[in-house]
>>> print(open('model-v1.txt').read())   # compact mmCIF, C-alpha atoms (C1' of nucleotides)
# COMPACT_ATOMS: atom_id res chain seq x y z
CA MET A 462 109.38 -213.03 9.80
CA GLY A 463 109.59 -209.60 8.37
CA VAL A 464 106.10 -209.76 6.99
CA SER A 465 104.45 -208.56 10.14
CA THR A 466 106.63 -206.54 12.43
CA ALA A 467 103.87 -206.01 14.94
CA ASP A 468 101.07 -208.30 16.00
CA GLY A 469 98.92 -205.34 16.88
CA PRO A 470 96.64 -203.31 14.69
CA THR A 471 98.94 -203.71 11.70
CA ALA A 472 97.55 -207.11 10.78
CA ARG A 473 93.95 -206.46 9.84
CA PHE A 474 93.19 -209.90 8.55
CA ASP A 475 95.30 -212.84 9.56
CA ALA A 476 94.85 -214.66 6.30
CA PHE A 477 97.87 -212.81 4.98
CA VAL A 478 100.25 -213.76 7.71
CA ALA A 479 102.31 -216.87 7.23
CA SER A 480 101.13 -218.28 10.54
CA CYS A 481 97.50 -218.24 9.45
CA PRO A 482 96.04 -221.74 9.87
CA SER A 483 94.31 -221.65 6.50
CA ARG A 484 97.51 -220.93 4.67
CA ARG A 485 99.35 -223.67 6.49
CA LEU A 486 96.60 -226.10 5.66
CA LEU A 487 96.77 -225.15 2.00
CA GLU A 488 100.49 -225.73 2.03
CA THR A 489 99.84 -229.20 3.37
CA ILE A 490 97.03 -230.49 1.20
CA GLY A 491 98.09 -228.36 -1.74
CA ASP A 492 101.09 -230.62 -1.85
CA LYS A 493 100.55 -232.81 -4.87
CA TRP A 494 101.19 -236.17 -3.23
CA ALA A 495 99.94 -235.43 0.26
CA SER A 496 96.32 -235.15 -0.74
CA LEU A 497 96.57 -238.30 -2.82
CA VAL A 498 97.99 -240.23 0.12
CA ILE A 499 95.22 -238.98 2.38
CA VAL A 500 92.51 -239.86 -0.11
CA ALA A 501 94.01 -243.29 -0.72
CA LEU A 502 94.19 -244.08 2.97
CA GLY A 503 90.70 -242.72 3.41
CA LEU A 504 89.40 -245.18 0.85
CA GLU A 505 91.42 -248.24 1.71
CA GLY A 506 91.77 -247.72 5.42
CA ARG A 507 95.22 -249.17 6.06
CA MET A 508 97.93 -249.62 3.51
CA ARG A 509 101.47 -250.88 3.26
CA TYR A 510 104.20 -248.81 1.72
CA SER A 511 104.21 -250.93 -1.41
CA GLU A 512 100.44 -250.67 -1.72
CA LEU A 513 100.59 -246.91 -1.56
CA SER A 514 103.38 -246.91 -4.08
CA ALA A 515 101.31 -248.99 -6.47
CA ARG A 516 98.09 -247.12 -5.83
CA ILE A 517 99.50 -243.66 -6.42
CA ALA A 518 100.89 -244.02 -9.89
CA GLY A 519 103.81 -241.82 -10.74
CA VAL A 520 105.15 -241.10 -7.29
CA SER A 521 108.84 -241.76 -6.66
CA GLN A 522 110.17 -243.52 -3.58
CA LYS A 523 111.70 -240.33 -2.40
CA MET A 524 108.55 -238.27 -2.65
CA LEU A 525 106.34 -240.96 -1.18
CA THR A 526 108.59 -241.39 1.83
CA GLN A 527 109.00 -237.67 2.23
CA THR A 528 105.25 -237.11 2.02
CA LEU A 529 104.50 -239.87 4.51
CA ARG A 530 107.01 -238.42 6.96
CA GLY A 531 105.44 -235.02 6.68
CA LEU A 532 101.94 -236.32 7.24
CA GLU A 533 103.10 -238.41 10.15
CA ARG A 534 104.76 -235.36 11.64
CA ASP A 535 101.51 -233.44 11.28
CA GLY A 536 99.67 -236.18 13.14
CA LEU A 537 97.49 -237.01 10.14
CA LEU A 538 98.58 -240.61 9.86
CA THR A 539 100.37 -243.28 11.88
CA ARG A 540 103.29 -245.43 10.85
CA THR A 541 103.41 -248.97 12.21
CA VAL A 542 106.46 -251.15 11.80
CA THR A 543 106.08 -254.90 12.10
CA PRO A 544 109.58 -256.32 12.73
CA SER A 545 109.27 -259.40 10.59
CA VAL A 546 111.50 -260.57 7.76
CA PRO A 547 111.11 -258.78 5.55
CA VAL A 548 109.92 -255.73 7.39
CA ARG A 549 106.33 -254.69 7.08
CA VAL A 550 105.21 -251.09 7.46
CA ASP A 551 101.60 -249.96 7.56
CA TYR A 552 100.13 -246.49 7.31
CA GLU A 553 96.74 -245.48 8.59
CA LEU A 554 94.88 -242.21 9.03
CA THR A 555 94.46 -240.87 12.53
CA PRO A 556 91.10 -239.40 13.60
CA LEU A 557 92.61 -236.06 12.74
CA GLY A 558 93.44 -237.27 9.26
CA LEU A 559 89.99 -238.76 8.86
CA SER A 560 88.37 -235.48 9.77
CA LEU A 561 90.36 -233.82 7.02
CA ILE A 562 88.73 -236.07 4.48
CA GLU A 563 85.43 -234.36 5.08
CA THR A 564 87.06 -231.11 4.12
CA LEU A 565 88.56 -232.61 1.02
CA ARG A 566 85.10 -233.75 0.01
CA HIS A 567 83.92 -230.15 -0.05
CA LEU A 568 86.76 -229.36 -2.40
CA LYS A 569 85.85 -232.31 -4.55
CA GLU A 570 82.23 -231.22 -4.74
CA TRP A 571 83.12 -227.72 -5.83
CA ALA A 572 85.55 -229.07 -8.37
CA GLU A 573 83.07 -231.49 -9.88
CA ALA A 574 80.44 -228.77 -10.03
CA HIS A 575 82.54 -225.99 -11.49
CA MET A 576 85.70 -227.23 -13.15
CA ALA A 577 83.91 -227.54 -16.47
CA GLU A 578 83.32 -223.80 -16.30
CA VAL A 579 86.99 -223.30 -15.66
CA ASP A 580 87.79 -225.37 -18.72
CA ARG A 581 85.51 -223.29 -20.88
CA ALA A 582 86.99 -220.08 -19.51
CA ARG A 583 90.47 -221.34 -20.31
CA GLU A 584 89.62 -222.29 -23.84
CA GLU A 585 88.06 -218.92 -24.48
CA TYR A 586 90.99 -217.08 -22.90
CA ASP A 587 93.52 -219.08 -24.89
CA ARG A 588 91.62 -218.67 -28.12
CA LYS A 589 91.55 -214.92 -27.70
CA ASN A 590 95.24 -214.69 -26.91
CA ASP A 591 96.46 -217.22 -29.44
CA SER A 592 94.94 -215.57 -32.46
CA ALA A 593 94.19 -211.91 -31.85
CA GLY A 594 96.86 -211.48 -29.25
CA ARG A 595 97.16 -208.26 -27.27
CA SER A 596 96.11 -204.75 -28.23
CA MET B 785 101.72 -239.74 -20.15
CA GLY B 786 102.50 -243.21 -19.10
CA VAL B 787 100.46 -242.92 -15.97
CA SER B 788 97.28 -244.24 -17.46
CA THR B 789 97.66 -246.13 -20.70
CA ALA B 790 93.99 -247.01 -20.88
CA ASP B 791 90.93 -245.11 -19.79
CA GLY B 792 89.06 -248.31 -19.19
CA PRO B 793 88.99 -250.51 -16.12
CA THR B 794 92.58 -249.59 -15.28
CA ALA B 795 91.61 -246.36 -13.52
CA ARG B 796 89.52 -247.45 -10.57
CA PHE B 797 89.32 -244.08 -8.89
CA ASP B 798 89.79 -240.95 -10.89
CA ALA B 799 91.34 -239.03 -8.03
CA PHE B 800 94.70 -240.40 -9.09
CA VAL B 801 94.52 -239.29 -12.68
CA ALA B 802 95.88 -235.89 -13.53
CA SER B 803 92.62 -234.84 -15.12
CA CYS B 804 90.69 -235.29 -11.90
CA PRO B 805 88.88 -232.04 -11.09
CA SER B 806 89.83 -232.18 -7.42
CA ARG B 807 93.51 -232.37 -8.23
CA ARG B 808 93.31 -229.52 -10.66
CA LEU B 809 91.51 -227.42 -8.09
CA LEU B 810 94.18 -228.16 -5.52
CA GLU B 811 96.83 -227.10 -7.97
CA THR B 812 95.00 -223.82 -8.38
CA ILE B 813 94.19 -222.80 -4.85
CA GLY B 814 97.20 -224.62 -3.43
CA ASP B 815 99.22 -221.99 -5.22
CA LYS B 816 100.57 -219.75 -2.50
CA TRP B 817 99.46 -216.42 -3.92
CA ALA B 818 96.31 -217.50 -5.75
CA SER B 819 94.30 -218.20 -2.63
CA LEU B 820 95.46 -214.95 -1.08
CA VAL B 821 94.31 -212.98 -4.11
CA ILE B 822 90.94 -214.70 -4.05
CA VAL B 823 90.46 -214.06 -0.35
CA ALA B 824 91.53 -210.45 -0.70
CA LEU B 825 89.11 -209.81 -3.54
CA GLY B 826 86.41 -211.63 -1.63
CA LEU B 827 86.85 -209.27 1.28
CA GLU B 828 87.37 -206.01 -0.52
CA GLY B 829 85.24 -206.65 -3.57
CA ARG B 830 87.16 -204.80 -6.25
CA MET B 831 90.81 -203.86 -6.09
CA ARG B 832 93.43 -202.14 -8.16
CA TYR B 833 96.73 -203.75 -8.93
CA SER B 834 98.54 -201.51 -6.48
CA GLU B 835 96.01 -202.23 -3.76
CA LEU B 836 96.47 -205.96 -4.16
CA SER B 837 100.21 -205.49 -4.13
CA ALA B 838 100.01 -203.58 -0.86
CA ARG B 839 97.44 -205.90 0.68
CA ILE B 840 99.32 -209.11 0.00
CA ALA B 841 102.60 -208.40 1.67
CA GLY B 842 105.60 -210.18 0.30
CA VAL B 843 104.40 -210.86 -3.23
CA SER B 844 106.62 -209.71 -6.07
CA GLN B 845 105.33 -207.92 -9.14
CA LYS B 846 106.09 -210.90 -11.26
CA MET B 847 104.22 -213.36 -9.09
CA LEU B 848 101.25 -211.08 -8.60
CA THR B 849 100.83 -210.48 -12.32
CA GLN B 850 101.39 -214.14 -13.08
CA THR B 851 98.84 -215.19 -10.48
CA LEU B 852 96.27 -212.69 -11.71
CA ARG B 853 96.68 -213.89 -15.28
CA GLY B 854 96.16 -217.47 -14.21
CA LEU B 855 93.03 -216.67 -12.24
CA GLU B 856 91.70 -214.57 -15.07
CA ARG B 857 92.33 -217.44 -17.46
CA ASP B 858 90.43 -219.77 -15.15
CA GLY B 859 87.48 -217.40 -15.16
CA LEU B 860 87.73 -216.72 -11.46
CA LEU B 861 88.25 -212.98 -11.77
CA THR B 862 87.87 -210.22 -14.32
CA ARG B 863 90.44 -207.65 -15.36
CA THR B 864 89.18 -204.19 -16.25
CA VAL B 865 91.44 -201.61 -17.83
CA THR B 866 90.53 -197.95 -17.60
CA PRO B 867 92.52 -196.15 -20.30
CA SER B 868 93.37 -193.05 -18.33
CA VAL B 869 96.77 -191.54 -17.65
CA PRO B 870 98.18 -193.26 -15.82
CA VAL B 871 96.41 -196.50 -16.57
CA ARG B 872 94.07 -197.94 -14.01
CA VAL B 873 93.42 -201.66 -13.76
CA ASP B 874 90.80 -203.22 -11.52
CA TYR B 875 90.33 -206.84 -10.58
CA GLU B 876 87.10 -208.37 -9.35
CA LEU B 877 85.86 -211.86 -8.63
CA THR B 878 83.41 -213.42 -11.05
CA PRO B 879 80.41 -215.36 -9.70
CA LEU B 880 82.55 -218.45 -10.22
CA GLY B 881 85.29 -216.96 -8.10
CA LEU B 882 82.81 -215.91 -5.44
CA SER B 883 81.44 -219.45 -5.23
CA LEU B 884 84.95 -220.69 -4.59
CA ILE B 885 85.14 -218.55 -1.48
CA GLU B 886 82.53 -220.72 0.15
CA THR B 887 84.80 -223.68 -0.37
CA LEU B 888 87.75 -221.82 1.04
CA ARG B 889 85.69 -221.10 4.14
CA HIS B 890 85.35 -224.83 4.77
CA LEU B 891 89.10 -225.12 4.63
CA LYS B 892 89.46 -222.20 6.98
CA GLU B 893 87.05 -223.76 9.44
CA TRP B 894 88.89 -227.04 9.50
CA ALA B 895 92.18 -225.25 9.89
CA GLU B 896 91.01 -223.11 12.77
CA ALA B 897 89.52 -226.13 14.47
CA HIS B 898 92.42 -228.54 14.07
CA MET B 899 95.69 -226.79 13.28
CA ALA B 900 96.51 -226.55 16.97
CA GLU B 901 96.47 -230.34 17.04
CA VAL B 902 98.83 -230.38 14.12
CA ASP B 903 101.16 -228.06 15.98
CA ARG B 904 101.19 -230.31 18.99
CA ALA B 905 101.82 -233.36 16.83
CA ARG B 906 104.73 -231.63 15.19
CA GLU B 907 106.33 -230.62 18.45
CA GLU B 908 106.03 -234.11 19.79
CA TYR B 909 107.40 -235.62 16.58
CA ASP B 910 110.32 -233.21 16.50
CA ARG B 911 111.12 -233.71 20.15
CA LYS B 912 111.28 -237.48 19.70
CA ASN B 913 113.51 -237.24 16.65
CA ASP B 914 115.73 -234.44 17.87
CA SER B 915 116.84 -236.12 21.06
CA ALA B 916 116.46 -239.87 20.72
CA GLY B 917 116.90 -239.75 16.97
CA ARG B 918 117.09 -242.96 15.01
CA SER B 919 118.18 -246.11 16.85
C1' DC C 674 100.60 -197.04 -12.54
C1' DT C 675 100.83 -201.49 -14.61
C1' DG C 676 103.36 -205.01 -16.04
C1' DG C 677 106.58 -207.18 -19.74
C1' DA C 678 111.54 -209.04 -20.19
C1' DT C 679 115.63 -210.75 -18.49
C1' DC C 680 118.97 -212.72 -15.34
C1' DC C 681 119.91 -215.95 -12.01
C1' DC C 682 119.71 -218.55 -7.78
C1' DC C 683 117.70 -221.98 -5.10
C1' DC C 684 115.18 -225.91 -4.15
C1' DC C 685 112.16 -229.38 -5.58
C1' DC C 686 112.03 -233.64 -7.34
C1' DG C 687 113.28 -237.72 -10.32
C1' DA C 688 116.85 -241.25 -11.13
C1' DT C 689 120.14 -244.18 -9.44
C1' DA C 690 122.75 -246.86 -6.20
C1' DC C 691 123.19 -248.80 -1.73
C1' DT C 692 121.61 -250.71 3.25
C1' DG C 693 119.04 -253.40 6.93
C1' DC D 569 110.22 -254.81 1.56
C1' DA D 570 111.19 -250.27 2.98
C1' DG D 571 113.71 -247.17 3.07
C1' DT D 572 118.50 -243.65 3.00
C1' DA D 573 122.23 -241.05 0.35
C1' DT D 574 123.69 -238.63 -3.42
C1' DC D 575 123.84 -236.28 -7.79
C1' DG D 576 121.93 -233.37 -11.23
C1' DG D 577 118.34 -231.07 -14.33
C1' DG D 578 114.47 -227.92 -14.49
C1' DG D 579 111.49 -224.65 -13.05
C1' DG D 580 109.57 -221.52 -9.60
C1' DG D 581 110.16 -217.19 -8.15
C1' DG D 582 112.80 -212.83 -6.54
C1' DA D 583 115.44 -208.57 -8.20
C1' DT D 584 116.09 -205.43 -11.56
C1' DC D 585 115.46 -202.72 -15.66
C1' DC D 586 112.53 -200.97 -19.13
C1' DA D 587 108.14 -199.86 -21.74
C1' DG D 588 103.36 -198.10 -22.58
>>> encode(input="model-v1.txt", output="structure tokens")
Amino acid sequence: MGVSTADGPTARFDAFVASCPSRRLLETIGDKWASLVIVALGLEGRMRYSELSARIAGVSQKMLTQTLRGLERDGLLTRTVTPSVPVRVDYELTPLGLSLIETLRHLKEWAEAHMAEVDRAREEYDRKNDSAGRS
Amino acid sequence: MGVSTADGPTARFDAFVASCPSRRLLETIGDKWASLVIVALGLEGRMRYSELSARIAGVSQKMLTQTLRGLERDGLLTRTVTPSVPVRVDYELTPLGLSLIETLRHLKEWAEAHMAEVDRAREEYDRKNDSAGRS
DNA sequence: CTGGATCCCCCCCGATACTG
DNA sequence: CAGTATCGGGGGGGATCCAG
């Protein structure tokens, strides 16, 4: 709140309001671990907590759990507890989560097509600012 | 380091390595202000620093400058200084930056089509955990 | 007008220890 | 096996002042 005092003619394009769907989506999948969890589940189908933990190298228990809770809350995946000993918990994408994978593929395609350009731009930019510097 | 000791058969899918293009792209556009700058420039074409500052409500000078530098480094936009008094600086998307807008549109489309579902899922999730809570 | 420099707070996140 | 609770460091990012 505070960004847009009125919902009327003040907001010309909604992309700049916090409630804009696109921005909220970016906050979700822009999350480092969230997208990895989604991709992993998209590839493997259904995974246990320990499988996810092993698959996504570098994630801590805390972040994995936190990420899974968030995605479950968003309705992107389901959490299934099998009350055995020891407990078994499985995670699986919902149809909603599966549909998101299509979108992630578009991102992947752009990245694979253009990230090399980004690399070159970075090298050039860094080279200019490392040696010659400013002014 | 430590994530992938070997580049050989250890890494089965590159999406989980930090150098994966998709992940790097997500780090870029997942940045709160970066995507807003890109969208703004995509709509308006060419904008001055002050125009961007006014257009993207809530961004601080520091973050705006920092974001612009990052995007310039990535080759997504150009920075043009007109040495008048006072100085005038214009920002404009490069062809590379323009191509990224197409990708952002896919995100937008998914968001507009499905974010309502996410909202419903959240409400339901919160309602269940606010009242009944945990066992 | 554009933005660099500095201070500083907050929150994210990793590490560790403990529970069912 | 699958978490929760807690502590603490580090960095993101806002506010402010200053420079070109």
>>> calpha_fit_and_write(input="model-v1.txt", fixed="chain A", moving="chain B", output="PDB file with C-alpha atoms, keeping the file's coordinate frame")
ATOM      1  CA  MET B 785     110.299-211.946   8.794  1.00  0.00           C
ATOM      2  CA  GLY B 786     109.707-208.458   7.682  1.00  0.00           C
ATOM      3  CA  VAL B 787     106.178-209.188   6.653  1.00  0.00           C
ATOM      4  CA  SER B 788     104.619-208.253   9.934  1.00  0.00           C
ATOM      5  CA  THR B 789     106.769-206.167  12.224  1.00  0.00           C
ATOM      6  CA  ALA B 790     104.047-205.802  14.819  1.00  0.00           C
ATOM      7  CA  ASP B 791     101.326-208.164  15.906  1.00  0.00           C
ATOM      8  CA  GLY B 792      99.104-205.291  16.858  1.00  0.00           C
ATOM      9  CA  PRO B 793      96.730-203.280  14.716  1.00  0.00           C
ATOM     10  CA  THR B 794      98.964-203.730  11.675  1.00  0.00           C
ATOM     11  CA  ALA B 795      97.536-207.148  10.813  1.00  0.00           C
ATOM     12  CA  ARG B 796      93.897-206.512  10.027  1.00  0.00           C
ATOM     13  CA  PHE B 797      93.111-209.957   8.711  1.00  0.00           C
ATOM     14  CA  ASP B 798      95.207-212.886   9.735  1.00  0.00           C
ATOM     15  CA  ALA B 799      94.741-214.712   6.462  1.00  0.00           C
ATOM     16  CA  PHE B 800      97.737-212.833   5.126  1.00  0.00           C
ATOM     17  CA  VAL B 801     100.117-213.775   7.883  1.00  0.00           C
ATOM     18  CA  ALA B 802     102.154-216.904   7.443  1.00  0.00           C
ATOM     19  CA  SER B 803     100.929-218.318  10.723  1.00  0.00           C
ATOM     20  CA  CYS B 804      97.321-218.306   9.594  1.00  0.00           C
ATOM     21  CA  PRO B 805      95.897-221.814   9.997  1.00  0.00           C
ATOM     22  CA  SER B 806      94.169-221.727   6.621  1.00  0.00           C
ATOM     23  CA  ARG B 807      97.401-220.984   4.823  1.00  0.00           C
ATOM     24  CA  ARG B 808      99.245-223.708   6.626  1.00  0.00           C
ATOM     25  CA  LEU B 809      96.512-226.166   5.761  1.00  0.00           C
ATOM     26  CA  LEU B 810      96.699-225.190   2.115  1.00  0.00           C
ATOM     27  CA  GLU B 811     100.419-225.744   2.158  1.00  0.00           C
ATOM     28  CA  THR B 812      99.786-229.223   3.490  1.00  0.00           C
ATOM     29  CA  ILE B 813      97.007-230.523   1.312  1.00  0.00           C
ATOM     30  CA  GLY B 814      98.052-228.373  -1.634  1.00  0.00           C
ATOM     31  CA  ASP B 815     101.089-230.601  -1.759  1.00  0.00           C
ATOM     32  CA  LYS B 816     100.611-232.765  -4.813  1.00  0.00           C
ATOM     33  CA  TRP B 817     101.183-236.141  -3.198  1.00  0.00           C
ATOM     34  CA  ALA B 818      99.902-235.422   0.306  1.00  0.00           C
ATOM     35  CA  SER B 819      96.266-235.168  -0.681  1.00  0.00           C
ATOM     36  CA  LEU B 820      96.556-238.298  -2.786  1.00  0.00           C
ATOM     37  CA  VAL B 821      97.968-240.254   0.140  1.00  0.00           C
ATOM     38  CA  ILE B 822      95.194-239.028   2.403  1.00  0.00           C
ATOM     39  CA  VAL B 823      92.495-239.914  -0.098  1.00  0.00           C
ATOM     40  CA  ALA B 824      94.017-243.317  -0.735  1.00  0.00           C
ATOM     41  CA  LEU B 825      94.180-244.145   2.955  1.00  0.00           C
ATOM     42  CA  GLY B 826      90.672-242.819   3.392  1.00  0.00           C
ATOM     43  CA  LEU B 827      89.412-245.238   0.786  1.00  0.00           C
ATOM     44  CA  GLU B 828      91.431-248.299   1.620  1.00  0.00           C
ATOM     45  CA  GLY B 829      91.770-247.810   5.348  1.00  0.00           C
ATOM     46  CA  ARG B 830      95.210-249.236   6.000  1.00  0.00           C
ATOM     47  CA  MET B 831      97.938-249.662   3.431  1.00  0.00           C
ATOM     48  CA  ARG B 832     101.478-250.892   3.172  1.00  0.00           C
ATOM     49  CA  TYR B 833     104.206-248.800   1.671  1.00  0.00           C
ATOM     50  CA  SER B 834     104.246-250.885  -1.483  1.00  0.00           C
ATOM     51  CA  GLU B 835     100.485-250.664  -1.827  1.00  0.00           C
ATOM     52  CA  LEU B 836     100.572-246.891  -1.624  1.00  0.00           C
ATOM     53  CA  SER B 837     103.388-246.834  -4.130  1.00  0.00           C
ATOM     54  CA  ALA B 838     101.355-248.916  -6.561  1.00  0.00           C
ATOM     55  CA  ARG B 839      98.118-247.059  -5.904  1.00  0.00           C
ATOM     56  CA  ILE B 840      99.513-243.587  -6.453  1.00  0.00           C
ATOM     57  CA  ALA B 841     100.944-243.915  -9.902  1.00  0.00           C
ATOM     58  CA  GLY B 842     103.821-241.666 -10.746  1.00  0.00           C
ATOM     59  CA  VAL B 843     105.158-240.983  -7.266  1.00  0.00           C
ATOM     60  CA  SER B 844     108.828-241.667  -6.652  1.00  0.00           C
ATOM     61  CA  GLN B 845     110.138-243.462  -3.594  1.00  0.00           C
ATOM     62  CA  LYS B 846     111.682-240.302  -2.336  1.00  0.00           C
ATOM     63  CA  MET B 847     108.530-238.241  -2.605  1.00  0.00           C
ATOM     64  CA  LEU B 848     106.324-240.936  -1.147  1.00  0.00           C
ATOM     65  CA  THR B 849     108.541-241.400   1.894  1.00  0.00           C
ATOM     66  CA  GLN B 850     108.949-237.664   2.297  1.00  0.00           C
ATOM     67  CA  THR B 851     105.205-237.114   2.075  1.00  0.00           C
ATOM     68  CA  LEU B 852     104.456-239.883   4.552  1.00  0.00           C
ATOM     69  CA  ARG B 853     106.940-238.459   7.032  1.00  0.00           C
ATOM     70  CA  GLY B 854     105.356-235.046   6.765  1.00  0.00           C
ATOM     71  CA  LEU B 855     101.853-236.374   7.296  1.00  0.00           C
ATOM     72  CA  GLU B 856     103.019-238.494  10.183  1.00  0.00           C
ATOM     73  CA  ARG B 857     104.659-235.447  11.723  1.00  0.00           C
ATOM     74  CA  ASP B 858     101.411-233.526  11.362  1.00  0.00           C
ATOM     75  CA  GLY B 859      99.560-236.282  13.178  1.00  0.00           C
ATOM     76  CA  LEU B 860      97.407-237.106  10.194  1.00  0.00           C
ATOM     77  CA  LEU B 861      98.514-240.716   9.882  1.00  0.00           C
ATOM     78  CA  THR B 862     100.290-243.370  11.898  1.00  0.00           C
ATOM     79  CA  ARG B 863     103.233-245.499  10.851  1.00  0.00           C
ATOM     80  CA  THR B 864     103.363-249.052  12.159  1.00  0.00           C
ATOM     81  CA  VAL B 865     106.433-251.207  11.722  1.00  0.00           C
ATOM     82  CA  THR B 866     106.114-254.965  11.947  1.00  0.00           C
ATOM     83  CA  PRO B 867     109.612-256.331  12.571  1.00  0.00           C
ATOM     84  CA  SER B 868     109.376-259.377  10.362  1.00  0.00           C
ATOM     85  CA  VAL B 869     111.656-260.429   7.535  1.00  0.00           C
ATOM     86  CA  PRO B 870     111.260-258.623   5.326  1.00  0.00           C
ATOM     87  CA  VAL B 871     109.994-255.629   7.230  1.00  0.00           C
ATOM     88  CA  ARG B 872     106.378-254.661   6.921  1.00  0.00           C
ATOM     89  CA  VAL B 873     105.218-251.086   7.363  1.00  0.00           C
ATOM     90  CA  ASP B 874     101.589-250.023   7.485  1.00  0.00           C
ATOM     91  CA  TYR B 875     100.122-246.556   7.285  1.00  0.00           C
ATOM     92  CA  GLU B 876      96.709-245.557   8.566  1.00  0.00           C
ATOM     93  CA  LEU B 877      94.834-242.316   9.029  1.00  0.00           C
ATOM     94  CA  THR B 878      94.394-240.994  12.544  1.00  0.00           C
ATOM     95  CA  PRO B 879      91.016-239.563  13.606  1.00  0.00           C
ATOM     96  CA  LEU B 880      92.516-236.182  12.759  1.00  0.00           C
ATOM     97  CA  GLY B 881      93.358-237.379   9.284  1.00  0.00           C
ATOM     98  CA  LEU B 882      89.918-238.899   8.856  1.00  0.00           C
ATOM     99  CA  SER B 883      88.275-235.600   9.791  1.00  0.00           C
ATOM    100  CA  LEU B 884      90.283-233.915   7.072  1.00  0.00           C
ATOM    101  CA  ILE B 885      88.676-236.162   4.491  1.00  0.00           C
ATOM    102  CA  GLU B 886      85.370-234.463   5.099  1.00  0.00           C
ATOM    103  CA  THR B 887      86.984-231.192   4.160  1.00  0.00           C
ATOM    104  CA  LEU B 888      88.500-232.690   1.060  1.00  0.00           C
ATOM    105  CA  ARG B 889      85.036-233.846   0.044  1.00  0.00           C
ATOM    106  CA  HIS B 890      83.854-230.237  -0.003  1.00  0.00           C
ATOM    107  CA  LEU B 891      86.684-229.419  -2.346  1.00  0.00           C
ATOM    108  CA  LYS B 892      85.810-232.374  -4.509  1.00  0.00           C
ATOM    109  CA  GLU B 893      82.192-231.293  -4.690  1.00  0.00           C
ATOM    110  CA  TRP B 894      83.062-227.795  -5.765  1.00  0.00           C
ATOM    111  CA  ALA B 895      85.490-229.125  -8.317  1.00  0.00           C
ATOM    112  CA  GLU B 896      83.027-231.550  -9.831  1.00  0.00           C
ATOM    113  CA  ALA B 897      80.388-228.857  -9.965  1.00  0.00           C
ATOM    114  CA  HIS B 898      82.466-226.048 -11.438  1.00  0.00           C
ATOM    115  CA  MET B 899      85.649-227.282 -13.088  1.00  0.00           C
ATOM    116  CA  ALA B 900      83.865-227.590 -16.415  1.00  0.00           C
ATOM    117  CA  GLU B 901      83.265-223.852 -16.234  1.00  0.00           C
ATOM    118  CA  VAL B 902      86.927-223.335 -15.587  1.00  0.00           C
ATOM    119  CA  ASP B 903      87.751-225.397 -18.643  1.00  0.00           C
ATOM    120  CA  ARG B 904      85.484-223.319 -20.803  1.00  0.00           C
ATOM    121  CA  ALA B 905      86.948-220.106 -19.426  1.00  0.00           C
ATOM    122  CA  ARG B 906      90.421-221.327 -20.199  1.00  0.00           C
ATOM    123  CA  GLU B 907      89.604-222.266 -23.757  1.00  0.00           C
ATOM    124  CA  GLU B 908      88.018-218.925 -24.377  1.00  0.00           C
ATOM    125  CA  TYR B 909      90.934-217.078 -22.781  1.00  0.00           C
ATOM    126  CA  ASP B 910      93.483-219.048 -24.770  1.00  0.00           C
ATOM    127  CA  ARG B 911      91.607-218.626 -28.013  1.00  0.00           C
ATOM    128  CA  LYS B 912      91.500-214.853 -27.574  1.00  0.00           C
ATOM    129  CA  ASN B 913      95.190-214.625 -26.759  1.00  0.00           C
ATOM    130  CA  ASP B 914      96.420-217.144 -29.288  1.00  0.00           C
ATOM    131  CA  SER B 915      94.913-215.489 -32.324  1.00  0.00           C
ATOM    132  CA  ALA B 916      94.336-211.816 -31.614  1.00  0.00           C
ATOM    133  CA  GLY B 917      97.144-211.684 -29.090  1.00  0.00           C
ATOM    134  CA  ARG B 918      98.129-208.385 -27.565  1.00  0.00           C
ATOM    135  CA  SER B 919      97.291-205.210 -29.493  1.00  0.00           C
TER     136      SER B 919
END
>>> residues_around(input="model-v1.txt", residues="DC575 in chain D", least_positions_apart="4", cutoff="12 Å", atoms="only C-alpha atoms (C1' of nucleotides)", output="list in words")
DG687, DA688, DT689 and DA690 of chain C
>>> residues_around(input="model-v1.txt", residues="DA678 in chain C", least_positions_apart="4", cutoff="10 Å", atoms="all atoms listed in the file", output="list of chain:residue names")
D:DC585, D:DC586, D:DA587
>>> atom_distance(input="model-v1.txt", atom1="CA of Asp580 in chain A", atom2="CA of Asp858 in chain B")
7.1 Å
>>> closest_residue(input="model-v1.txt", among="B:Arg857, B:Arg830, B:Arg807, B:Arg872", to="chain C", atoms="all atoms listed in the file")
B:Arg872
